>>> print(open('data.txt').read())   # compact mmCIF, C-alpha atoms
# COMPACT_ATOMS: atom_id res chain seq x y z
CA MET A 188 85.09 -120.18 42.20
CA PRO A 189 85.73 -123.20 39.92
CA GLU A 190 84.58 -122.45 36.40
CA THR A 191 82.15 -125.36 36.55
CA LEU A 192 80.15 -123.67 39.33
CA PHE A 193 80.27 -120.10 38.09
CA ASP A 194 77.37 -119.19 35.80
CA TYR A 195 79.06 -117.20 33.04
CA GLU A 196 75.94 -116.93 30.89
CA TYR A 197 73.91 -115.53 33.75
CA HIS A 198 76.56 -112.90 34.42
CA LEU A 199 76.81 -111.91 30.77
CA ALA A 200 73.04 -111.52 30.60
CA ALA A 201 73.23 -109.30 33.69
CA CYS A 202 75.93 -107.20 32.00
CA ALA A 203 73.59 -106.82 29.04
CA ARG A 204 71.01 -105.41 31.47
CA GLY A 205 73.60 -102.90 32.65
CA GLU A 206 74.40 -104.54 35.99
CA ARG A 207 77.87 -103.38 36.92
CA GLN A 208 78.33 -105.96 39.69
CA ALA A 209 78.07 -108.76 37.12
CA LEU A 210 81.03 -107.35 35.22
CA ARG A 211 82.95 -107.08 38.46
CA ASP A 212 82.12 -110.75 39.25
CA LEU A 213 83.31 -111.83 35.81
CA TYR A 214 86.48 -109.82 36.37
CA VAL A 215 87.16 -111.43 39.75
CA GLN A 216 86.41 -114.83 38.28
CA GLU A 217 88.46 -114.71 35.07
CA SER A 218 90.84 -111.73 34.93
CA PRO A 219 93.91 -113.66 36.19
CA ARG A 220 93.46 -116.36 33.56
CA LEU A 221 92.66 -113.84 30.81
CA LEU A 222 95.68 -111.79 31.81
CA GLY A 223 97.80 -114.94 31.76
CA VAL A 224 96.66 -115.72 28.21
CA ALA A 225 97.25 -112.13 27.03
CA LYS A 226 100.62 -111.84 28.77
CA ARG A 227 101.88 -115.07 27.20
CA LEU A 228 100.88 -113.74 23.77
CA VAL A 229 102.17 -110.16 23.96
CA ARG A 230 105.00 -110.79 26.47
CA ASP A 231 104.56 -107.48 28.22
CA THR A 232 102.58 -107.03 31.43
CA ALA A 233 101.46 -103.43 30.80
CA LEU A 234 100.35 -104.24 27.26
CA ALA A 235 98.60 -107.39 28.49
CA GLU A 236 96.69 -105.29 31.04
CA ASP A 237 95.68 -102.88 28.26
CA ILE A 238 94.32 -105.86 26.35
CA VAL A 239 92.36 -107.19 29.33
CA HIS A 240 90.99 -103.66 29.87
CA ASP A 241 89.82 -103.51 26.26
CA ALA A 242 88.47 -107.06 26.51
CA PHE A 243 86.29 -106.21 29.52
CA LEU A 244 84.90 -103.14 27.74
CA LYS A 245 84.13 -105.39 24.78
CA ILE A 246 82.51 -107.90 27.12
CA TRP A 247 80.42 -105.13 28.68
CA THR A 248 79.27 -103.60 25.41
CA GLY A 249 78.97 -106.92 23.57
CA ALA A 250 77.17 -108.87 26.30
CA GLY A 251 73.76 -108.10 24.77
CA ARG A 252 74.84 -109.60 21.46
CA PHE A 253 76.34 -112.74 22.96
CA ASP A 254 74.51 -115.77 21.57
CA PRO A 255 74.77 -118.92 23.74
CA ALA A 256 73.94 -121.02 20.67
CA ARG A 257 77.35 -120.05 19.25
CA GLY A 258 79.43 -121.33 22.15
CA SER A 259 80.10 -121.00 25.85
CA ALA A 260 80.11 -117.61 27.53
CA ARG A 261 83.45 -118.37 29.13
CA GLY A 262 84.91 -119.38 25.77
CA TRP A 263 83.66 -116.12 24.27
CA MET A 264 85.52 -114.10 26.91
CA PHE A 265 88.73 -115.94 26.07
CA SER A 266 88.16 -115.53 22.33
CA VAL A 267 87.60 -111.78 22.72
CA THR A 268 90.81 -111.46 24.73
CA ARG A 269 92.93 -113.70 22.50
CA HIS A 270 91.91 -111.96 19.29
CA LEU A 271 92.59 -108.51 20.76
CA ALA A 272 96.05 -109.75 21.72
CA LEU A 273 96.61 -111.44 18.34
CA ASN A 274 95.52 -108.30 16.48
CA CYS A 275 97.97 -106.34 18.58
CA LEU A 276 100.76 -108.85 17.89
CA ARG A 277 100.18 -108.88 14.17
CA ASP A 278 99.82 -105.08 14.02
CA HIS A 279 103.18 -104.60 15.68
CA SER A 280 104.59 -107.47 13.74
CA ARG A 281 107.39 -109.08 15.66
CA GLU A 282 108.44 -111.01 12.56
CA THR A 283 111.61 -109.00 12.16
CA GLN A 284 112.51 -108.58 15.79
CA GLY A 285 113.66 -112.13 16.39
CA ASP A 286 112.77 -111.78 20.04
CA ILE A 287 111.62 -115.33 20.51
CA ASP A 288 112.25 -116.53 23.99
CA ARG A 289 114.54 -119.52 23.61
CA LEU A 290 114.70 -120.26 27.30
CA ASP A 291 111.35 -121.89 27.77
CA ASN A 292 111.33 -125.63 27.72
CA ALA A 293 108.81 -126.82 25.21
CA ASP A 294 108.65 -130.22 26.83
CA ALA A 295 107.24 -128.60 29.93
CA PHE A 296 104.05 -128.37 27.89
CA ASP A 297 103.73 -132.12 28.04
CA ALA A 298 103.64 -132.16 31.81
CA GLN A 299 100.79 -129.68 31.82
CA LEU A 300 98.68 -131.59 29.36
CA HIS A 301 95.77 -133.10 31.12
CA GLY A 302 92.09 -133.80 31.18
CA ALA A 303 90.33 -132.05 28.40
CA ARG A 304 89.82 -133.70 25.08
CA ILE A 305 92.03 -131.26 23.23
CA HIS A 306 94.98 -132.44 25.28
CA LEU A 307 94.29 -136.10 24.53
CA CYS A 308 94.08 -135.29 20.83
CA LEU A 309 97.17 -133.12 21.01
CA GLU A 310 99.11 -135.98 22.56
CA GLN A 311 98.39 -138.07 19.49
CA LEU A 312 100.36 -135.64 17.34
CA GLU A 313 104.09 -136.05 16.87
CA PRO A 314 105.93 -133.89 19.43
CA ALA A 315 107.29 -131.41 16.86
CA ARG A 316 103.84 -130.91 15.35
CA ARG A 317 102.29 -130.55 18.78
CA ARG A 318 104.80 -127.83 19.54
CA CYS A 319 103.80 -125.97 16.35
CA ILE A 320 100.19 -125.87 17.50
CA VAL A 321 101.04 -124.81 21.04
CA HIS A 322 103.53 -122.14 19.93
CA ALA A 323 100.94 -120.72 17.54
CA TYR A 324 97.94 -120.77 19.88
CA VAL A 325 99.55 -120.08 23.23
CA ASP A 326 102.62 -118.02 22.28
CA GLY A 327 101.12 -116.30 19.26
CA TYR A 328 104.10 -117.22 17.09
CA SER A 329 103.77 -116.74 13.35
CA HIS A 330 104.71 -119.49 10.89
CA ALA A 331 108.09 -117.81 10.43
CA GLN A 332 108.76 -117.60 14.16
CA ILE A 333 107.87 -121.25 14.68
CA SER A 334 110.15 -122.18 11.81
CA GLN A 335 112.97 -120.19 13.42
CA LYS A 336 112.27 -121.60 16.86
CA LEU A 337 112.18 -125.25 15.77
CA GLY A 338 114.86 -124.90 13.11
CA THR A 339 112.42 -126.40 10.61
CA PRO A 340 111.84 -125.02 7.09
CA LEU A 341 108.90 -122.62 6.78
CA GLY A 342 107.08 -124.75 4.21
CA THR A 343 107.31 -127.78 6.48
CA VAL A 344 105.92 -125.81 9.43
CA LYS A 345 102.99 -124.60 7.34
CA ALA A 346 102.23 -128.14 6.16
CA TRP A 347 102.57 -129.60 9.67
CA ILE A 348 100.15 -127.03 11.07
CA LYS A 349 97.60 -127.67 8.34
CA ARG A 350 97.75 -131.43 8.83
CA SER A 351 97.75 -131.17 12.60
CA LEU A 352 94.62 -129.05 12.54
CA THR A 353 92.94 -131.61 10.30
CA ALA A 354 94.00 -134.37 12.70
CA LEU A 355 92.71 -132.40 15.70
CA ARG A 356 89.42 -131.86 13.97
CA GLU A 357 89.05 -135.57 13.25
CA CYS A 358 90.02 -136.48 16.78
CA MET A 359 87.69 -133.98 18.44
CA GLY A 360 84.77 -134.08 16.05
CA MET B 77 92.99 -113.45 0.73
CA THR B 78 90.40 -112.78 -1.90
CA THR B 79 88.57 -116.09 -1.82
CA GLY B 80 84.91 -115.31 -1.36
CA PRO B 81 82.19 -117.43 0.14
CA SER B 82 80.83 -118.35 -3.29
CA ASP B 83 83.90 -120.07 -4.75
CA GLU B 84 85.29 -121.41 -1.48
CA SER B 85 85.17 -125.13 -0.73
CA PRO B 86 83.95 -126.20 2.73
CA ARG B 87 87.45 -127.51 3.35
CA ALA B 88 89.14 -124.20 2.47
CA LEU B 89 86.64 -122.37 4.65
CA ASP B 90 87.37 -124.67 7.57
CA GLU B 91 91.13 -124.30 7.10
CA LEU B 92 90.80 -120.53 7.08
CA ALA B 93 88.69 -120.67 10.26
CA SER B 94 91.15 -123.01 11.98
CA GLU B 95 94.21 -120.87 11.23
CA TYR B 96 92.32 -117.73 12.23
CA VAL B 97 91.59 -119.21 15.65
CA LEU B 98 95.06 -120.72 15.93
CA GLY B 99 96.51 -117.27 15.22
CA THR B 100 98.74 -118.04 12.23
CA LEU B 101 97.05 -115.82 9.64
CA SER B 102 98.80 -112.66 8.45
CA THR B 103 97.49 -109.22 9.41
CA GLU B 104 95.74 -108.84 6.06
CA GLN B 105 94.11 -112.25 6.32
CA ARG B 106 93.01 -111.54 9.90
CA ILE B 107 91.40 -108.25 8.89
CA ASP B 108 89.72 -110.00 5.99
CA VAL B 109 88.33 -112.77 8.23
CA GLN B 110 87.17 -110.30 10.87
CA GLU B 111 85.31 -108.33 8.27
CA ARG B 112 83.72 -111.46 6.80
CA LEU B 113 82.65 -112.65 10.25
CA ARG B 114 80.21 -109.75 10.43
CA HIS B 115 78.01 -111.24 7.73
CA ASP B 116 79.34 -114.67 6.69
CA THR B 117 77.42 -117.16 8.82
CA ARG B 118 79.23 -120.23 7.37
CA LEU B 119 82.59 -118.81 8.34
CA ARG B 120 81.24 -117.73 11.72
CA THR B 121 79.99 -121.25 12.45
CA ALA B 122 83.36 -122.73 11.47
CA VAL B 123 85.25 -120.20 13.62
CA ASP B 124 82.93 -120.81 16.60
CA ALA B 125 83.58 -124.55 16.35
CA TRP B 126 87.34 -124.01 16.28
CA GLU B 127 87.18 -121.58 19.20
CA SER B 128 85.54 -124.22 21.34
CA ARG B 129 87.81 -127.03 20.07
CA LEU B 130 91.00 -125.16 20.96
CA LEU B 131 89.78 -123.34 24.08
CA GLY B 132 91.33 -125.99 26.36
CA LEU B 133 94.79 -124.88 25.19
CA THR B 134 94.39 -121.70 27.24
CA GLU B 135 95.02 -123.93 30.28
CA LEU B 136 98.66 -124.10 29.24
CA THR B 137 99.19 -120.52 30.39
CA GLU B 138 99.86 -119.53 33.98
CA PRO B 139 97.22 -117.24 35.49
CA GLN B 140 98.60 -113.87 36.50
CA SER B 141 97.17 -111.48 39.10
CA PRO B 142 96.26 -108.13 37.58
CA SER B 143 97.57 -104.97 39.20
CA PRO B 144 95.06 -103.37 41.60
CA HIS B 145 94.59 -100.43 39.21
CA LEU B 146 93.30 -102.52 36.34
CA TRP B 147 89.76 -102.88 37.66
CA GLN B 148 89.61 -99.16 38.47
CA ARG B 149 90.66 -98.39 34.89
CA ILE B 150 87.98 -100.69 33.51
CA GLU B 151 85.39 -99.12 35.80
CA ARG B 152 86.33 -95.60 34.69
CA SER B 153 86.10 -96.58 31.04
CA VAL B 154 82.71 -98.22 31.62
CA ASN B 155 81.57 -94.95 33.22
CA VAL B 156 82.61 -93.02 30.12
CA LEU B 157 80.78 -95.52 27.92
CA ASN B 158 77.73 -95.45 30.11
CA ARG B 159 77.19 -91.74 30.55
CA GLN B 160 73.40 -91.53 30.40
CA GLN B 161 73.32 -95.11 29.16
CA SER B 162 71.21 -97.60 31.05
CA THR B 163 70.62 -100.31 28.49
CA PRO B 164 73.70 -101.60 26.64
CA THR B 165 71.37 -103.98 24.77
CA ALA B 166 70.01 -101.03 22.81
CA VAL B 167 73.26 -100.85 20.84
CA PRO B 168 72.41 -102.11 17.34
CA PRO B 169 73.94 -105.45 16.30
CA VAL B 170 76.37 -103.95 13.82
CA ALA B 171 77.00 -100.39 14.88
CA TRP B 172 77.73 -97.87 12.14
CA TRP B 173 81.25 -97.20 13.41
CA ASN B 174 82.12 -100.82 12.83
CA ARG B 175 81.06 -100.82 9.22
CA LEU B 176 84.30 -100.91 7.29
CA PRO B 177 82.76 -100.47 3.84
CA LEU B 178 81.29 -97.15 5.00
CA TRP B 179 84.75 -95.91 5.98
CA ARG B 180 86.35 -97.25 2.87
CA GLY B 181 83.71 -95.55 0.77
CA LEU B 182 84.17 -92.29 2.57
CA ALA B 183 87.94 -92.42 2.60
CA GLY B 184 88.43 -91.38 -1.02
CA THR B 185 85.90 -88.61 -1.37
CA GLY B 186 86.30 -87.49 2.23
CA LEU B 187 90.03 -87.16 1.92
CA ALA B 188 89.76 -85.20 -1.32
CA ALA B 189 87.30 -82.80 0.26
CA SER B 190 89.45 -82.55 3.39
CA LEU B 191 92.54 -81.62 1.45
CA LEU B 192 90.70 -79.07 -0.65
CA LEU B 193 89.20 -77.40 2.40
CA ALA B 194 92.41 -77.68 4.35
CA ALA B 195 94.13 -75.72 1.61
CA MET B 196 91.33 -73.12 1.60
CA LEU B 197 91.37 -72.70 5.34
CA LEU B 198 95.11 -72.50 5.57
CA THR B 199 95.18 -69.50 3.28
CA GLN B 200 92.59 -67.72 5.43
CA THR B 201 93.71 -68.32 8.98
CA THR B 202 96.71 -66.99 10.77
CA VAL B 203 96.77 -69.65 13.50
CA LYS B 204 97.53 -72.90 11.77
CA PRO B 205 95.16 -75.66 12.92
CA ALA B 206 96.81 -78.90 13.94
CA TYR B 207 93.90 -81.03 12.73
CA LEU B 208 91.12 -80.56 10.22
CA VAL B 209 88.02 -82.60 9.62
CA VAL B 210 85.49 -82.10 6.88
CA LEU B 211 82.13 -83.58 7.73
CA VAL B 212 80.30 -84.74 4.63
CA ALA B 213 76.81 -86.12 4.07
CA PRO B 214 77.05 -89.93 3.76
CA GLN B 215 74.81 -90.07 0.68
CA ASP B 216 76.22 -87.42 -1.66
CA LYS B 217 79.47 -86.61 0.20
CA ALA B 218 78.52 -82.94 0.21
CA PRO B 219 80.62 -81.10 2.81
CA GLY B 220 78.43 -79.57 5.53
CA TRP B 221 80.74 -78.70 8.41
CA VAL B 222 84.40 -78.33 9.09
CA ILE B 223 86.15 -78.99 12.37
CA GLN B 224 89.44 -77.34 13.16
CA ALA B 225 91.72 -77.76 16.11
CA SER B 226 94.58 -75.37 16.71
CA ASN B 227 95.59 -77.47 19.67
CA PRO B 228 94.68 -81.05 20.56
CA ARG B 229 92.67 -79.97 23.63
CA ALA B 230 89.84 -78.02 21.94
CA ILE B 231 88.03 -78.03 18.63
CA GLN B 232 85.73 -75.71 16.71
CA LEU B 233 82.82 -77.02 14.71
CA ILE B 234 82.07 -74.54 11.92
CA PRO B 235 79.02 -74.76 9.62
CA LEU B 236 79.67 -74.40 5.91
CA GLY B 237 76.05 -73.67 5.09
CA VAL B 238 72.51 -73.84 6.39
CA VAL B 239 71.46 -77.29 7.51
CA GLU B 240 67.80 -78.29 7.71
CA VAL B 241 66.82 -80.20 10.84
CA PRO B 242 63.24 -81.43 11.49
CA ALA B 243 61.47 -79.39 14.21
CA ASP B 244 61.28 -82.30 16.66
CA LYS B 245 64.94 -83.35 16.22
CA THR B 246 68.36 -82.07 17.07
CA LEU B 247 71.90 -82.71 15.86
CA GLU B 248 74.28 -84.47 18.22
CA PHE B 249 78.03 -84.31 17.79
CA TRP B 250 80.13 -87.47 18.35
CA THR B 251 83.71 -88.59 18.14
CA LYS B 252 85.52 -91.89 18.24
CA ALA B 253 89.25 -92.60 17.97
CA GLU B 254 90.95 -95.83 17.05
CA GLY B 255 90.53 -98.41 19.81
CA TRP B 256 87.62 -96.71 21.57
CA GLN B 257 84.69 -99.01 22.13
CA GLY B 258 82.16 -96.56 20.71
CA PRO B 259 81.56 -92.90 19.99
CA VAL B 260 81.51 -90.31 22.79
CA SER B 261 79.05 -87.42 22.68
CA LEU B 262 80.47 -83.92 22.33
CA GLY B 263 77.07 -82.30 22.85
CA LEU B 264 74.11 -80.96 20.90
CA VAL B 265 74.52 -78.64 17.93
CA LYS B 266 72.13 -76.03 16.54
CA PRO B 267 72.05 -75.70 12.74
CA GLY B 268 74.28 -72.84 11.61
CA GLN B 269 75.95 -72.57 15.02
CA THR B 270 79.72 -72.43 15.45
CA LEU B 271 80.51 -74.57 18.42
CA SER B 272 83.67 -74.65 20.51
CA VAL B 273 84.21 -77.90 22.35
CA PRO B 274 86.91 -78.44 24.99
CA LEU B 275 88.32 -81.95 24.85
CA ASP B 276 89.68 -81.88 28.41
CA LYS B 277 87.84 -85.06 29.38
CA LEU B 278 89.03 -86.99 26.32
CA PRO B 279 92.41 -88.20 25.13
CA PRO B 280 94.19 -85.76 22.75
CA LEU B 281 93.07 -85.74 19.13
CA GLU B 282 94.68 -88.25 16.88
CA PRO B 283 94.90 -88.73 13.12
CA ASN B 284 91.91 -90.55 11.59
CA GLN B 285 89.74 -89.87 14.65
CA LEU B 286 86.12 -90.03 13.57
CA PHE B 287 83.60 -87.23 13.98
CA GLU B 288 79.95 -87.24 13.09
CA LEU B 289 76.62 -85.53 13.54
CA THR B 290 73.52 -87.67 14.00
CA LEU B 291 69.85 -86.77 14.14
CA GLU B 292 68.54 -87.38 17.67
CA ASN B 293 65.59 -86.49 19.85
CA PRO B 294 65.58 -82.92 21.26
CA ASN B 295 67.44 -83.93 24.43
CA GLY B 296 70.02 -85.96 22.55
CA SER B 297 70.48 -89.70 22.44
CA PRO B 298 68.95 -91.35 25.52
CA ILE B 299 71.59 -94.09 25.64
CA GLY B 300 74.79 -92.13 25.19
CA LYS B 301 75.40 -93.71 21.79
CA PRO B 302 74.19 -92.55 18.39
CA THR B 303 70.68 -93.84 17.69
CA GLY B 304 69.57 -91.68 14.76
CA PRO B 305 70.76 -91.47 11.15
CA ILE B 306 74.16 -89.98 10.36
CA GLN B 307 73.87 -86.52 8.83
CA TYR B 308 77.58 -85.70 8.46
CA ILE B 309 80.70 -87.73 8.99
CA GLY B 310 84.48 -87.37 8.57
CA ARG B 311 87.95 -88.23 9.87
CA ALA B 312 90.62 -85.99 11.37
CA VAL B 313 93.54 -85.15 9.10
CA LYS B 314 96.74 -83.86 10.64
CA VAL B 315 97.89 -80.63 9.03
CA LEU B 316 101.61 -80.64 8.35
>>> encode(input="data.txt", output="structure tokens")
Amino acid sequence: MPETLFDYEYHLAACARGERQALRDLYVQESPRLLGVAKRLVRDTALAEDIVHDAFLKIWTGAGRFDPARGSARGWMFSVTRHLALNCLRDHSRETQGDIDRLDNADAFDAQLHGARIHLCLEQLEPARRRCIVHAYVDGYSHAQISQKLGTPLGTVKAWIKRSLTALRECMG
Amino acid sequence: MTTGPSDESPRALDELASEYVLGTLSTEQRIDVQERLRHDTRLRTAVDAWESRLLGLTELTEPQSPSPHLWQRIERSVNVLNRQQSTPTAVPPVAWWNRLPLWRGLAGTGLAASLLLAAMLLTQTTVKPAYLVVLVAPQDKAPGWVIQASNPRAIQLIPLGVVEVPADKTLEFWTKAEGWQGPVSLGLVKPGQTLSVPLDKLPPLEPNQLFELTLENPNGSPIGKPTGPIQYIGRAVKVL
């Protein structure tokens, strides 16, 4: 079902009441996208499935504490999953492994940019800075990994990211 | 990252929130932010705003079909969590097992007591336990029980003295390892009773695994999670 028609808040509230079917519906609705996000971050299918497993348990036990005033229910599910994956990445720090995938074509990002406001704002950044943001958010790269990947000094990467975030904030409000 | 909410400019707070959501903070900074998010509403608001600003970037990843087993695994884990539990909403907003300061506070005194008792027990037993836990009272850190495991599949809970329990209450025994969503009940305990608990339905013991006794109604917690006050608490220490 398109995410615009699926009532995430209703399903979370049902989870909070202990309705198992609601969790199943959320799983059917979002698990492929959540798994995609986790897999891109941790780069291992089995580990990504572990993360989605943990995320759904967190969604189940945390549903009662979800506060719609703080953001969308769908966004919360993605945040839960991303932060589990990021914690996992940073715990098993890949900083020293140098296993950055150099095969992907960063410009392919541009083709996928569409619609949502974030993408319009992202397009206003210089390409190298845009890539910093995407590598950090989507690939889970650390400052050092981005610096290595782009062949740009670490200090420059840090400054670019800081300024890009400020620019995104101004653009998006 | 020691900057506290009091001496932190709104700009620094927003930068911290943005890099937390972006994912570029170090492990230490992430832990620090996650701990602050439990009580720091300014930081929470800033993080929430960044989460929704950047959410659209998740569209840049290709969806991937999960293996057919993944849902079954989730369902099994939900069953474990839900044993006897019908209302997940009854879980308190910040559950005790998520309170880092409690663990930090216990770590020093608990470890000292553990090592002392480990040494005592080792001189008295012929079968060397693989893990030891000393359960101490949260207020005065007085040791009340010791848990020993000669193998990772079963544990013994041994009282160190007489424990007073109100007539209309009972002690319930819980454990939680790293990464579990919440504690799992190991059953009810009578004061002064030595209890042997098979762990065949749980993963093997691991270092730092938490154990605790809470005060519950006579039939135990109605929701499968601790509801009453902690009487004794401790972490598993691997015996070398």
>>> closest_residue(input="data.txt", among="A:Ser329, A:Gln335, A:Thr353, A:Ser266", to="B:Gly132", atoms="all atoms listed in the file")
A:Ser266
>>> closest_atom_pairs(input="data.txt", of="chain B", to="chain A", cutoff="8 Å", atoms="only C-alpha atoms", output="CSV")
residue,atom,partner,partner_atom,distance
B:Glu91,CA,A:Lys349,CA,7.4
B:Ser94,CA,A:Leu352,CA,7.0
B:Val97,CA,A:Tyr324,CA,7.8
B:Leu98,CA,A:Tyr324,CA,4.9
B:Gly99,CA,A:Tyr324,CA,6.0
B:Thr100,CA,A:Ser329,CA,5.3
B:Leu101,CA,A:Ser329,CA,7.7
B:Ser102,CA,A:Arg277,CA,7.0
B:Thr103,CA,A:Arg277,CA,5.5
B:Arg106,CA,A:Asn274,CA,7.8
B:Thr121,CA,A:Arg257,CA,7.4
B:Asp124,CA,A:Arg257,CA,6.2
B:Ala125,CA,A:Gly258,CA,7.8
B:Glu127,CA,A:Ser266,CA,6.9
B:Ser128,CA,A:Gly262,CA,6.6
B:Arg129,CA,A:Ile305,CA,6.8
B:Leu130,CA,A:Ile305,CA,6.6
B:Leu131,CA,A:Gly262,CA,6.5
B:Gly132,CA,A:Ile305,CA,6.2
B:Leu133,CA,A:Val325,CA,7.0
B:Thr134,CA,A:Val224,CA,6.5
B:Leu136,CA,A:Gln299,CA,6.5
B:Thr137,CA,A:Val224,CA,5.8
B:Glu138,CA,A:Gly223,CA,5.5
B:Pro139,CA,A:Arg220,CA,4.3
B:Gln140,CA,A:Pro219,CA,4.7
B:Ser141,CA,A:Pro219,CA,4.9
B:Pro142,CA,A:Pro219,CA,6.2
B:Leu146,CA,A:Glu236,CA,6.9
B:Trp147,CA,A:Tyr214,CA,7.8
B:Arg149,CA,A:His240,CA,7.3
B:Ile150,CA,A:His240,CA,5.6
B:Ser153,CA,A:Leu244,CA,7.4
B:Val154,CA,A:Leu244,CA,6.6
B:Ser162,CA,A:Gly205,CA,6.0
B:Thr163,CA,A:Gly205,CA,5.7
B:Pro164,CA,A:Ala203,CA,5.7
B:Thr165,CA,A:Gly251,CA,4.8
B:Pro169,CA,A:Arg252,CA,6.7
B:Gln257,CA,A:Lys245,CA,6.9
>>> closest_residue(input="data.txt", among="A:Ser334, A:Ile238, A:Tyr197, A:Ser351", to="A:Leu271", atoms="all atoms listed in the file")
A:Ile238
>>> atom_distance(input="data.txt", atom1="atom CA of B:Pro214", atom2="atom CA of B:Ile306")
7.2 Å
>>> atom_distance(input="data.txt", atom1="atom CA of B:Ile299", atom2="atom CA of B:Ile223")
24.8 Å
>>> residues_around(input="data.txt", residues="B:Ala243", least_positions_apart="4", cutoff="12 Å", atoms="all atoms listed in the file", output="list of chain:residue names")
B:Leu247, B:Lys266, B:Pro267, B:Leu291, B:Glu292, B:Asn293, B:Pro294
>>> atom_distance(input="data.txt", atom1="atom CA of A:Gln216", atom2="atom CA of B:Gly258")
25.7 Å
>>> closest_residue(input="data.txt", among="B:Gly310, B:Pro302, B:Pro279, B:Pro219", to="B:Val239", atoms="all atoms listed in the file")
B:Pro219
>>> residues_around(input="data.txt", residues="B:Ile234", least_positions_apart="6", cutoff="10 Å", atoms="only C-alpha atoms", output="mmCIF file with C-alpha atoms, keeping the file's coordinate frame")
data_model
loop_
_atom_site.group_PDB
_atom_site.id
_atom_site.type_symbol
_atom_site.label_atom_id
_atom_site.label_comp_id
_atom_site.auth_asym_id
_atom_site.auth_seq_id
_atom_site.Cartn_x
_atom_site.Cartn_y
_atom_site.Cartn_z
ATOM 1 C CA VAL B 210 85.490 -82.100 6.880
ATOM 2 C CA LEU B 211 82.130 -83.580 7.730
ATOM 3 C CA GLY B 220 78.430 -79.570 5.530
ATOM 4 C CA TRP B 221 80.740 -78.700 8.410
ATOM 5 C CA VAL B 222 84.400 -78.330 9.090
ATOM 6 C CA ILE B 223 86.150 -78.990 12.370
ATOM 7 C CA GLN B 224 89.440 -77.340 13.160
ATOM 8 C CA GLY B 268 74.280 -72.840 11.610
ATOM 9 C CA GLN B 269 75.950 -72.570 15.020
ATOM 10 C CA THR B 270 79.720 -72.430 15.450
ATOM 11 C CA LEU B 271 80.510 -74.570 18.420
ATOM 12 C CA SER B 272 83.670 -74.650 20.510
#
>>> closest_atom_pairs(input="data.txt", of="stretch 218-270 of chain B", to="stretch 155-159 of chain B", cutoff="12 Å", atoms="all atoms listed in the file", output="CSV")
residue,atom,partner,partner_atom,distance
B:Lys252,CA,B:Leu157,CA,11.4
B:Trp256,CA,B:Leu157,CA,9.4
B:Gln257,CA,B:Leu157,CA,7.8
B:Gly258,CA,B:Leu157,CA,7.4
B:Pro259,CA,B:Leu157,CA,8.4
B:Val260,CA,B:Leu157,CA,7.3
B:Ser261,CA,B:Arg159,CA,9.2
B:Leu262,CA,B:Arg159,CA,11.8
>>> residues_near_point(input="data.txt", point="(82.2, -115.1, 9.3)", cutoff="10 Å", atoms="only C-alpha atoms", output="mmCIF file with C-alpha atoms, in the frame of the given file")
data_model
loop_
_atom_site.group_PDB
_atom_site.id
_atom_site.type_symbol
_atom_site.label_atom_id
_atom_site.label_comp_id
_atom_site.auth_asym_id
_atom_site.auth_seq_id
_atom_site.Cartn_x
_atom_site.Cartn_y
_atom_site.Cartn_z
ATOM 1 C CA PRO B 81 82.190 -117.430 0.140
ATOM 2 C CA LEU B 89 86.640 -122.370 4.650
ATOM 3 C CA ALA B 93 88.690 -120.670 10.260
ATOM 4 C CA ASP B 108 89.720 -110.000 5.990
ATOM 5 C CA VAL B 109 88.330 -112.770 8.230
ATOM 6 C CA GLN B 110 87.170 -110.300 10.870
ATOM 7 C CA GLU B 111 85.310 -108.330 8.270
ATOM 8 C CA ARG B 112 83.720 -111.460 6.800
ATOM 9 C CA LEU B 113 82.650 -112.650 10.250
ATOM 10 C CA ARG B 114 80.210 -109.750 10.430
ATOM 11 C CA HIS B 115 78.010 -111.240 7.730
ATOM 12 C CA ASP B 116 79.340 -114.670 6.690
ATOM 13 C CA THR B 117 77.420 -117.160 8.820
ATOM 14 C CA ARG B 118 79.230 -120.230 7.370
ATOM 15 C CA LEU B 119 82.590 -118.810 8.340
ATOM 16 C CA ARG B 120 81.240 -117.730 11.720
ATOM 17 C CA THR B 121 79.990 -121.250 12.450
ATOM 18 C CA ALA B 122 83.360 -122.730 11.470
ATOM 19 C CA VAL B 123 85.250 -120.200 13.620
ATOM 20 C CA ASP B 124 82.930 -120.810 16.600
#
